[in-house]
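Asks: So that you have it, the file is final-v9.cif, and it contains mmCIF, C-alpha atoms:
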data_entry
#
loop_
_atom_site.label_atom_id
_atom_site.label_comp_id
_atom_site.auth_asym_id
_atom_site.auth_seq_id
_atom_site.Cartn_x
_atom_site.Cartn_y
_atom_site.Cartn_z
CA MET A 72 121.63 83.24 79.42
CA GLU A 73 124.88 85.19 79.43
CA SER A 74 127.42 82.68 80.68
CA PRO A 75 127.67 79.21 82.24
CA ASP A 76 129.91 80.62 84.97
CA THR A 77 128.32 81.71 88.25
CA VAL A 78 129.87 83.11 91.39
CA ALA A 79 128.26 82.89 94.82
CA ILE A 80 129.33 85.69 97.14
CA PRO A 81 128.20 85.61 100.80
CA ILE A 82 126.69 89.00 101.59
CA ILE A 83 125.56 88.12 105.11
CA PRO A 84 127.42 85.12 106.61
CA GLN A 85 125.42 82.20 107.96
CA GLY A 86 124.38 82.89 111.53
CA GLU A 87 124.30 86.67 111.12
CA LEU A 88 121.03 87.15 109.21
CA ILE A 89 119.05 86.48 112.39
CA PRO A 90 120.21 85.65 115.93
CA VAL A 91 121.19 81.99 116.13
CA GLU A 92 118.80 81.40 119.03
CA GLU A 93 115.88 82.40 116.79
CA GLU A 94 116.63 79.86 114.06
CA SER A 95 113.71 77.52 113.42
CA TYR A 96 112.26 75.00 110.99
CA ASN A 97 109.15 77.19 110.67
CA HIS A 98 108.78 80.00 108.14
CA THR A 99 112.35 79.79 106.87
CA ALA A 100 111.79 81.16 103.35
CA ARG A 101 114.06 84.12 102.60
CA VAL A 102 112.55 85.76 99.54
CA CYS A 103 114.81 88.31 97.85
CA ALA A 104 114.18 91.09 95.34
CA ILE A 105 116.26 94.02 94.11
CA GLY A 106 114.51 97.33 94.74
CA PRO A 107 114.51 100.54 92.68
CA ASP A 108 117.29 101.77 94.98
CA ASN A 109 119.49 98.84 93.84
CA LYS A 110 119.41 97.35 97.34
CA LEU A 111 118.41 93.79 98.22
CA TYR A 112 115.10 93.34 100.04
CA VAL A 113 114.68 90.15 102.10
CA SER A 114 111.54 88.87 103.82
CA MET A 115 111.98 87.06 107.13
CA GLY A 116 109.00 85.18 108.53
CA GLN A 117 108.72 84.89 112.29
CA PRO A 118 109.22 81.30 113.54
CA PHE A 119 105.96 80.82 115.47
CA ASN A 120 102.29 80.55 114.62
CA VAL A 121 101.85 83.56 116.92
CA ALA A 122 104.86 84.70 118.92
CA GLY A 123 104.65 85.97 122.48
CA PRO A 124 105.01 89.69 123.28
CA ASP A 125 108.45 89.13 124.76
CA LYS A 126 109.78 88.41 121.27
CA TYR A 127 108.81 91.61 119.55
CA PRO A 128 111.37 94.09 120.82
CA LEU A 129 114.03 91.85 119.24
CA TYR A 130 111.99 90.95 116.16
CA ASP A 131 111.21 94.57 115.33
CA GLU A 132 114.86 95.50 115.81
CA VAL A 133 116.34 92.86 113.47
CA GLY A 134 113.42 92.47 111.04
CA ILE A 135 112.08 89.03 111.97
CA GLY A 136 108.42 88.97 111.05
CA GLY A 137 109.16 91.74 108.60
CA MET A 138 111.52 92.75 105.85
CA ILE A 139 115.02 94.17 105.69
CA ARG A 140 117.13 95.75 102.98
CA PHE A 141 120.86 96.12 102.56
CA ASN A 142 123.55 96.78 99.98
CA ARG A 143 123.87 93.75 97.75
CA PHE A 144 127.65 93.67 97.54
CA PRO A 145 130.07 92.76 100.34
CA GLY A 146 131.50 95.63 102.31
CA ASP A 147 129.20 98.37 103.56
CA LEU A 148 126.10 96.34 104.42
CA ASP A 149 123.99 99.28 105.65
CA ARG A 150 121.28 96.94 106.95
CA GLU A 151 117.86 98.51 107.60
CA VAL A 152 114.45 97.22 108.69
CA VAL A 153 111.82 98.37 106.19
CA ALA A 154 108.70 96.52 107.43
CA ILE A 155 107.44 94.98 110.68
CA GLY A 156 104.23 93.23 111.72
CA ILE A 157 104.35 90.64 108.92
CA ARG A 158 103.72 87.03 109.86
CA ASN A 159 105.33 85.18 106.95
CA SER A 160 105.76 86.77 103.53
CA VAL A 161 106.89 84.40 100.77
CA GLY A 162 106.59 86.79 97.86
CA HIS A 163 107.32 90.44 97.24
CA ALA A 164 107.89 92.69 94.23
CA PHE A 165 108.08 96.33 93.23
CA ASN A 166 105.53 98.04 91.01
CA PRO A 167 107.54 99.15 87.96
CA LYS A 168 105.26 102.17 87.49
CA ASP A 169 105.62 103.85 90.87
CA GLY A 170 108.26 101.80 92.72
CA SER A 171 105.86 100.76 95.49
CA LEU A 172 106.62 97.56 97.40
CA TRP A 173 103.95 94.81 97.44
CA PHE A 174 104.02 91.50 99.30
CA THR A 175 101.91 88.47 100.16
CA ASP A 176 101.49 87.38 103.75
CA ASN A 177 100.56 83.92 105.07
CA GLN A 178 98.37 84.27 108.12
CA VAL A 179 97.63 82.51 111.41
CA ASP A 180 96.76 78.79 111.58
CA GLY A 181 94.44 77.06 114.01
CA MET A 182 91.62 79.63 113.98
CA GLY A 183 89.29 77.67 111.71
CA ASP A 184 89.11 76.73 108.04
CA GLU A 185 87.56 79.99 106.89
CA THR A 186 89.45 82.51 109.00
CA PRO A 187 91.62 84.54 109.04
CA PRO A 188 92.08 85.77 105.47
CA GLY A 189 95.41 85.81 103.70
CA GLU A 190 96.79 89.12 102.52
CA LEU A 191 98.23 90.99 99.59
CA ASN A 192 99.82 94.17 100.92
CA LYS A 193 101.14 97.42 99.53
CA ALA A 194 103.73 99.16 101.67
CA CYS A 195 102.39 102.46 103.01
CA ALA A 196 106.01 103.53 103.46
CA LEU A 197 109.39 101.89 103.96
CA GLY A 198 110.69 101.67 107.50
CA SER A 199 109.76 100.47 110.97
CA ASP A 200 107.38 103.41 111.36
CA VAL A 201 104.77 101.32 109.47
CA TRP A 202 103.20 98.19 111.01
CA TYR A 203 101.26 95.47 109.16
CA GLY A 204 99.22 93.98 111.98
CA HIS A 205 100.86 90.84 113.33
CA PRO A 206 100.63 89.50 116.05
CA TYR A 207 97.55 91.46 117.14
CA TYR A 208 95.78 90.75 113.85
CA GLY A 209 95.77 87.22 112.50
CA GLY A 210 94.91 88.37 108.98
CA GLY A 211 92.86 91.32 107.78
CA SER A 212 90.86 92.73 110.70
CA VAL A 213 90.61 89.37 112.53
CA ARG A 214 92.26 89.49 115.95
CA THR A 215 94.42 86.55 117.03
CA GLY A 216 93.22 84.42 119.93
CA GLU A 217 96.43 85.08 121.82
CA TYR A 218 95.99 88.88 121.66
CA LYS A 219 92.24 89.39 121.23
CA ASP A 220 91.73 90.69 124.77
CA GLN A 221 94.75 92.96 124.66
CA LYS A 222 94.67 96.55 123.55
CA ILE A 223 96.88 97.20 120.56
CA PRO A 224 99.77 99.37 121.74
CA GLN A 225 99.35 102.92 120.50
CA ALA A 226 102.84 102.80 119.03
CA TYR A 227 101.56 100.08 116.67
CA ALA A 228 98.01 101.34 116.18
CA ASP A 229 99.19 104.76 115.01
CA LYS A 230 101.16 103.25 112.14
CA TYR A 231 98.91 100.38 111.03
CA CYS A 232 98.83 99.74 107.27
CA LYS A 233 95.83 97.66 106.14
CA PRO A 234 96.12 95.00 103.43
CA GLN A 235 95.10 95.88 99.89
CA VAL A 236 93.46 92.49 99.31
CA GLU A 237 92.07 89.87 101.70
CA THR A 238 92.40 86.45 100.08
CA ALA A 239 90.84 83.05 100.82
CA ALA A 240 91.76 81.81 104.29
CA HIS A 241 94.68 79.37 104.29
CA ALA A 242 95.03 79.37 100.51
CA ALA A 243 98.72 80.13 101.18
CA ASP A 244 99.59 83.04 98.91
CA LEU A 245 103.25 82.71 97.99
CA GLY A 246 105.19 84.13 95.05
CA MET A 247 104.04 87.24 93.18
CA MET A 248 105.16 89.52 90.33
CA PHE A 249 104.08 92.45 88.17
CA TYR A 250 103.41 91.69 84.53
CA THR A 251 105.39 93.93 82.17
CA GLY A 252 105.27 91.81 79.02
CA SER A 253 103.37 92.30 75.77
CA MET A 254 102.27 88.73 75.01
CA PHE A 255 99.12 88.82 77.16
CA PRO A 256 96.10 91.06 76.44
CA LYS A 257 96.36 94.71 77.42
CA LYS A 258 94.26 94.30 80.59
CA TYR A 259 97.09 92.32 82.19
CA LYS A 260 99.67 95.09 81.78
CA ASN A 261 101.10 95.90 85.23
CA ALA A 262 98.71 93.47 86.91
CA ILE A 263 99.95 91.31 89.78
CA PHE A 264 100.16 87.56 89.30
CA SER A 265 100.41 85.51 92.50
CA ALA A 266 100.54 81.82 93.37
CA GLN A 267 98.26 80.14 95.91
CA HIS A 268 99.94 76.98 97.16
CA GLY A 269 96.95 75.56 99.02
CA SER A 270 96.36 74.76 102.68
CA TRP A 271 98.43 72.20 104.56
CA ASN A 272 95.69 71.38 107.11
CA ALA A 273 92.29 72.80 106.14
CA ILE A 274 89.49 70.22 106.15
CA LYS A 275 88.22 71.58 102.83
CA PRO A 276 91.15 71.99 100.41
CA ARG A 277 91.52 75.35 98.71
CA GLY A 278 94.03 77.38 96.73
CA ALA A 279 96.25 75.58 94.20
CA ARG A 280 95.77 78.28 91.60
CA VAL A 281 97.29 81.42 90.14
CA MET A 282 95.53 84.69 90.94
CA VAL A 283 95.61 88.01 89.12
CA THR A 284 95.08 91.41 90.78
CA TYR A 285 94.33 94.44 88.62
CA LEU A 286 95.34 97.91 89.81
CA ASP A 287 93.43 101.15 89.41
CA GLY A 288 94.74 104.49 88.15
CA LYS A 289 96.11 105.32 91.61
CA GLY A 290 98.11 102.12 91.82
CA ASN A 291 95.82 100.37 94.32
CA ALA A 292 94.16 96.97 94.03
CA ALA A 293 90.88 97.14 92.11
CA LYS A 294 89.95 93.49 91.55
CA THR A 295 91.37 90.03 92.27
CA GLU A 296 90.28 86.88 90.45
CA PRO A 297 91.60 83.42 89.51
CA PHE A 298 93.82 83.37 86.42
CA ALA A 299 94.74 79.67 86.22
CA GLU A 300 93.09 76.74 88.00
CA GLY A 301 92.79 72.97 87.64
CA TRP A 302 95.37 71.73 90.14
CA LEU A 303 92.62 70.92 92.68
CA THR A 304 90.10 68.25 91.68
CA ASP A 305 86.39 68.24 92.55
CA MET A 306 87.19 65.45 95.00
CA GLY A 307 89.58 67.70 96.88
CA THR A 308 92.82 66.13 95.64
CA TYR A 309 95.82 68.31 94.85
CA LEU A 310 97.30 67.45 91.45
CA GLY A 311 99.78 70.25 91.85
CA ARG A 312 100.64 73.14 94.16
CA PRO A 313 101.85 76.40 92.61
CA VAL A 314 104.70 78.11 94.45
CA ASP A 315 105.96 81.01 92.39
CA VAL A 316 105.26 82.95 89.20
CA GLN A 317 107.80 84.66 86.99
CA GLN A 318 107.65 86.36 83.62
CA TYR A 319 109.70 84.68 80.90
CA ILE A 320 111.69 86.64 78.32
CA ASP A 321 108.96 86.27 75.68
CA GLY A 322 106.21 87.62 77.95
CA SER A 323 104.77 84.24 78.88
CA LEU A 324 104.24 83.23 82.50
CA LEU A 325 106.24 80.56 84.30
CA VAL A 326 104.62 78.78 87.26
CA SER A 327 106.58 76.47 89.56
CA ASP A 328 104.86 73.48 91.21
CA ASP A 329 106.56 71.73 94.12
CA LYS A 330 104.12 68.80 94.24
CA ALA A 331 104.43 67.76 90.61
CA GLY A 332 108.04 68.92 90.49
CA VAL A 333 107.61 70.88 87.28
CA VAL A 334 107.53 74.39 85.84
CA TYR A 335 104.60 75.31 83.59
CA ARG A 336 104.69 77.93 80.86
CA ILE A 337 101.43 79.79 80.20
CA SER A 338 101.40 81.58 76.85
CA TYR A 339 98.84 83.46 74.79
CA GLU A 340 98.12 83.69 71.08
CA GLY A 341 95.71 86.44 70.18
CA PRO A 342 93.18 86.36 67.35
#
Could you render the structure from this file as structure tokens?

Replies:
Amino acid sequence: MESPDTVAIPIIPQGELIPVEEESYNHTARVCAIGPDNKLYVSMGQPFNVAGPDKYPLYDEVGIGGMIRFNRFPGDLDREVVAIGIRNSVGHAFNPKDGSLWFTDNQVDGMGDETPPGELNKACALGSDVWYGHPYYGGGSVRTGEYKDQKIPQAYADKYCKPQVETAAHAADLGMMFYTGSMFPKKYKNAIFSAQHGSWNAIKPRGARVMVTYLDGKGNAAKTEPFAEGWLTDMGTYLGRPVDVQQYIDGSLLVSDDKAGVVYRISYEGP
């Protein structure tokens, strides 16, 4: 909106974000958001359904299956891991009221259509001294098959941060944002909008909708419910698959759809 000229500056060169030997076709989304500290926060999904224990010393060190932050201009990178134990987050945002970090997390496949739940998380703190459950938990309190008979290491158990919201299994919660506009009714102020893309392999299709999560006076999740539906027919056919949600300059909501190849604008006109 300011200028047709754009400049792309490499902050982290290709091949240096993660070790080359860990590159994969799985969970390759690299969601970015600028935090209250003016640093860039990047989510990095781990490249397996459930990775083996031999991977986690490296993953925890570099932020795979977690989130990192760094200075967003070339020079002094000051890279830091701010979250571990995340399977694959494809959406994160900061609460404008208290600066807290929230993120969605896509959970383990192959455990059945109705388990484990997806997650909407609020960071208990920033740093590797907080752990969000993976790979010992497949989603919520459901243990993964690969680790169900193993005791959770005390170093993880002591710093476990539970999800704020458990969502429908395999609905694929992706992009999310806090609503700060004035177009929608007052109840939506500072609520979280999030996109559910829909399952890629569940026998009974689900998701394909936009959810809204209301927060209580303490800044925690109070209630989650569908906000926009209709992309999934009664016959189980996906007409569209929401990916991300963003607030437009007029306070309306933009929803991207990678099946229909469109962006929708949801607006409101009060009485």

Asks: At what distance in Å, to one decimal, does atom CA of A:Leu111 lie from atom CA of A:Gly211?

Replies: 27.4 Å

Asks: What is the distance between atom CA of A:Met182 and atom CA of A:Ile157, in Å to one decimal?

Replies: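 Here the two named atoms are 17.6 Å from each other.
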
Asks: Apply the PyMOL selection byres ((chain A and resi 151) around 7) to the file shown and report the selected residues as a ChimeraX atom specification.

Replies: /A:139-141,149-150,152-153

Asks: Near A:Glu93, counting all atoms listed in the file, which residues have an atom at most 12 Å away, once you skip same-chain residues fewer than 5 positions from it, shown as a PyMOL selection string?

Replies: chain A and resi 86-88+98-99+115-119+122+126-127+129-130+133-136

Asks: Using all atoms listed in the file, find each residue of stretch 230-260 of chain A with at least one atom at most 7 Å away from an atom of stretch 322-332 of chain A; report its shortest atom-to-atom pair and that distance in Å (one decimal), sort the rows by chain and rising residue number, and return the result as CSV.

Replies:
residue,atom,partner,partner_atom,distance
A:Gly252,CA,A:Gly322,CA,4.4
A:Ser253,CA,A:Gly322,CA,5.9
A:Met254,CA,A:Gly322,CA,5.0

Asks: Atom CA of A:His205 and atom CA of A:Pro224 are how many Å apart?

Replies: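 Those two atoms sit 12.0 Å apart.
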
Asks: Just want the 9 Å neighbourhood of A:Pro81, counted on only C-alpha atoms, with same-chain residues fewer than 2 positions away dropped. Output as an MDAnalysis selection string.

Replies: chainID A and resid 79 83:85 144:145

Asks: Next, dump the selected residues to file, keeping only C-alpha atoms, as a PDB file, in the coordinates of the input.

Replies:
ATOM      1  CA  ALA A  79     128.260  82.890  94.820  1.00  0.00           C
ATOM      2  CA  ILE A  83     125.560  88.120 105.110  1.00  0.00           C
ATOM      3  CA  PRO A  84     127.420  85.120 106.610  1.00  0.00           C
ATOM      4  CA  GLN A  85     125.420  82.200 107.960  1.00  0.00           C
ATOM      5  CA  PHE A 144     127.650  93.670  97.540  1.00  0.00           C
ATOM      6  CA  PRO A 145     130.070  92.760 100.340  1.00  0.00           C
TER       7      PRO A 145
END

Asks: Apply the PyMOL selection byres ((chain A and resi 163) around 6) to the structure shown and report the selected residues as a PyMOL selection string.

Replies: chain A and resi 162+164+173-174

Asks: Apply the PyMOL selection byres ((chain A and resi 104) around 9) to the structure shown and report the selected residues as an MDAnalysis selection string.

Replies: chainID A and resid 102:103 105:106 110:113 163:165

Asks: Give me the residues near stretch 190-202 of chain A as a ChimeraX atom specification, where near means some atom within 9 Å (using only C-alpha atoms) and where sequence neighbours in that chain fewer than 6 positions away do not count.

Replies: /A:131-132,134,139,151-157,171-178,210-211,226-239,244,291-292

Asks: If the box runs along x, y and z of the file and leaves 5 Å on each side of stretch 206-225 of chain A, what are its centre and edge lengths in Å, one decimal, as lines of an AutoDock Vina configuration file?

Replies:
center_x = 95.6
center_y = 93.7
center_z = 116.3
size_x = 20.0
size_y = 28.5
size_z = 27.0

Asks: Restricting the calculation to all atoms listed in the file, which member of A:Tyr218, A:Phe264, A:Tyr259, A:Tyr250 is positioned closest to A:Ile320?

Replies: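 Using all atoms listed in the file, the shortest distance to A:Ile320 belongs to A:Tyr250.
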
Asks: Which one of A:Pro187, A:Pro167, A:Gly137, A:Pro313 sits closest to A:Val281 if you count all atoms listed in the file?

Replies: A:Pro313

Asks: Skip A:Ser265 itself and residues of its chain fewer than 4 positions away, then list as a short mmCIF file (atom, residue, chain, number, x, y, z; two decimals) with C-alpha atoms, in the frame of the given file all residues within 7 Å of it, counting only C-alpha atoms.

Replies:
data_model
loop_
_atom_site.label_atom_id
_atom_site.label_comp_id
_atom_site.auth_asym_id
_atom_site.auth_seq_id
_atom_site.Cartn_x
_atom_site.Cartn_y
_atom_site.Cartn_z
CA ASP A 244 99.59 83.04 98.91
CA LEU A 245 103.25 82.71 97.99
CA GLY A 246 105.19 84.13 95.05
CA MET A 247 104.04 87.24 93.18
CA MET A 248 105.16 89.52 90.33
CA VAL A 281 97.29 81.42 90.14
CA MET A 282 95.53 84.69 90.94
CA VAL A 283 95.61 88.01 89.12
CA VAL A 316 105.26 82.95 89.20
#

Asks: Which residue is closest to A:Arg280? Choose from A:Trp302, A:Tyr319, A:Phe255, A:Tyr207 and count all atoms listed in the file.

Replies: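 Of A:Trp302, A:Tyr319, A:Phe255, A:Tyr207, the one nearest A:Arg280, counting all atoms listed in the file, is A:Trp302.
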
Asks: As a PDB file, in the frame of the given file, please: stretch 136-162 of chain A completed to N, CA and C atoms.

Replies:
ATOM      1  N   GLY A 136     109.816  88.617 111.183  1.00  0.00           N
ATOM      2  CA  GLY A 136     108.420  88.970 111.050  1.00  0.00           C
ATOM      3  C   GLY A 136     108.285  90.307 110.333  1.00  0.00           C
ATOM      4  N   GLY A 137     109.150  90.482 109.337  1.00  0.00           N
ATOM      5  CA  GLY A 137     109.160  91.740 108.600  1.00  0.00           C
ATOM      6  C   GLY A 137     110.014  91.631 107.362  1.00  0.00           C
ATOM      7  N   MET A 138     110.678  92.717 107.036  1.00  0.00           N
ATOM      8  CA  MET A 138     111.520  92.750 105.850  1.00  0.00           C
ATOM      9  C   MET A 138     112.681  93.699 106.087  1.00  0.00           C
ATOM     10  N   ILE A 139     113.839  93.331 105.570  1.00  0.00           N
ATOM     11  CA  ILE A 139     115.020  94.170 105.690  1.00  0.00           C
ATOM     12  C   ILE A 139     115.555  94.479 104.295  1.00  0.00           C
ATOM     13  N   ARG A 140     116.416  95.481 104.218  1.00  0.00           N
ATOM     14  CA  ARG A 140     117.130  95.750 102.980  1.00  0.00           C
ATOM     15  C   ARG A 140     118.576  96.068 103.313  1.00  0.00           C
ATOM     16  N   PHE A 141     119.450  95.827 102.347  1.00  0.00           N
ATOM     17  CA  PHE A 141     120.860  96.120 102.560  1.00  0.00           C
ATOM     18  C   PHE A 141     121.564  96.187 101.204  1.00  0.00           C
ATOM     19  N   ASN A 142     122.742  96.736 101.202  1.00  0.00           N
ATOM     20  CA  ASN A 142     123.550  96.780  99.980  1.00  0.00           C
ATOM     21  C   ASN A 142     123.848  95.360  99.543  1.00  0.00           C
ATOM     22  N   ARG A 143     123.778  95.118  98.242  1.00  0.00           N
ATOM     23  CA  ARG A 143     123.870  93.750  97.750  1.00  0.00           C
ATOM     24  C   ARG A 143     125.274  93.325  97.337  1.00  0.00           C
ATOM     25  N   PHE A 144     126.273  94.082  97.770  1.00  0.00           N
ATOM     26  CA  PHE A 144     127.650  93.670  97.540  1.00  0.00           C
ATOM     27  C   PHE A 144     128.386  93.693  98.879  1.00  0.00           C
ATOM     28  N   PRO A 145     129.332  92.801  99.067  1.00  0.00           N
ATOM     29  CA  PRO A 145     130.070  92.760 100.340  1.00  0.00           C
ATOM     30  C   PRO A 145     130.739  94.104 100.630  1.00  0.00           C
ATOM     31  N   GLY A 146     130.876  94.375 101.898  1.00  0.00           N
ATOM     32  CA  GLY A 146     131.500  95.630 102.310  1.00  0.00           C
ATOM     33  C   GLY A 146     130.578  96.396 103.223  1.00  0.00           C
ATOM     34  N   ASP A 147     130.091  97.527 102.763  1.00  0.00           N
ATOM     35  CA  ASP A 147     129.200  98.370 103.560  1.00  0.00           C
ATOM     36  C   ASP A 147     127.787  97.807 103.467  1.00  0.00           C
ATOM     37  N   LEU A 148     127.397  97.020 104.468  1.00  0.00           N
ATOM     38  CA  LEU A 148     126.100  96.340 104.420  1.00  0.00           C
ATOM     39  C   LEU A 148     124.941  97.321 104.534  1.00  0.00           C
ATOM     40  N   ASP A 149     125.023  98.268 105.458  1.00  0.00           N
ATOM     41  CA  ASP A 149     123.990  99.280 105.650  1.00  0.00           C
ATOM     42  C   ASP A 149     122.613  98.634 105.801  1.00  0.00           C
ATOM     43  N   ARG A 150     122.524  97.687 106.717  1.00  0.00           N
ATOM     44  CA  ARG A 150     121.280  96.940 106.950  1.00  0.00           C
ATOM     45  C   ARG A 150     120.218  97.839 107.585  1.00  0.00           C
ATOM     46  N   GLU A 151     118.960  97.680 107.114  1.00  0.00           N
ATOM     47  CA  GLU A 151     117.860  98.510 107.600  1.00  0.00           C
ATOM     48  C   GLU A 151     116.566  97.708 107.596  1.00  0.00           C
ATOM     49  N   VAL A 152     115.771  97.839 108.645  1.00  0.00           N
ATOM     50  CA  VAL A 152     114.450  97.220 108.690  1.00  0.00           C
ATOM     51  C   VAL A 152     113.475  98.121 107.954  1.00  0.00           C
ATOM     52  N   VAL A 153     112.746  97.556 106.981  1.00  0.00           N
ATOM     53  CA  VAL A 153     111.820  98.370 106.190  1.00  0.00           C
ATOM     54  C   VAL A 153     110.356  97.990 106.401  1.00  0.00           C
ATOM     55  N   ALA A 154     110.087  96.905 107.156  1.00  0.00           N
ATOM     56  CA  ALA A 154     108.700  96.520 107.430  1.00  0.00           C
ATOM     57  C   ALA A 154     108.666  95.634 108.666  1.00  0.00           C
ATOM     58  N   ILE A 155     107.658  95.840 109.511  1.00  0.00           N
ATOM     59  CA  ILE A 155     107.440  94.980 110.680  1.00  0.00           C
ATOM     60  C   ILE A 155     105.955  94.615 110.739  1.00  0.00           C
ATOM     61  N   GLY A 156     105.624  93.633 111.564  1.00  0.00           N
ATOM     62  CA  GLY A 156     104.230  93.230 111.720  1.00  0.00           C
ATOM     63  C   GLY A 156     103.753  92.290 110.633  1.00  0.00           C
ATOM     64  N   ILE A 157     104.680  91.613 109.961  1.00  0.00           N
ATOM     65  CA  ILE A 157     104.350  90.640 108.920  1.00  0.00           C
ATOM     66  C   ILE A 157     104.535  89.248 109.522  1.00  0.00           C
ATOM     67  N   ARG A 158     103.574  88.372 109.296  1.00  0.00           N
ATOM     68  CA  ARG A 158     103.720  87.030 109.860  1.00  0.00           C
ATOM     69  C   ARG A 158     104.718  86.194 109.066  1.00  0.00           C
ATOM     70  N   ASN A 159     104.437  86.007 107.762  1.00  0.00           N
ATOM     71  CA  ASN A 159     105.330  85.180 106.950  1.00  0.00           C
ATOM     72  C   ASN A 159     105.106  85.496 105.473  1.00  0.00           C
ATOM     73  N   SER A 160     105.872  86.407 104.944  1.00  0.00           N
ATOM     74  CA  SER A 160     105.760  86.770 103.530  1.00  0.00           C
ATOM     75  C   SER A 160     106.686  85.887 102.705  1.00  0.00           C
ATOM     76  N   VAL A 161     106.112  85.266 101.657  1.00  0.00           N
ATOM     77  CA  VAL A 161     106.890  84.400 100.770  1.00  0.00           C
ATOM     78  C   VAL A 161     106.811  84.904  99.332  1.00  0.00           C
ATOM     79  N   GLY A 162     106.612  86.191  99.187  1.00  0.00           N
ATOM     80  CA  GLY A 162     106.590  86.790  97.860  1.00  0.00           C
ATOM     81  C   GLY A 162     106.519  88.294  97.962  1.00  0.00           C
TER      82      GLY A 162
END
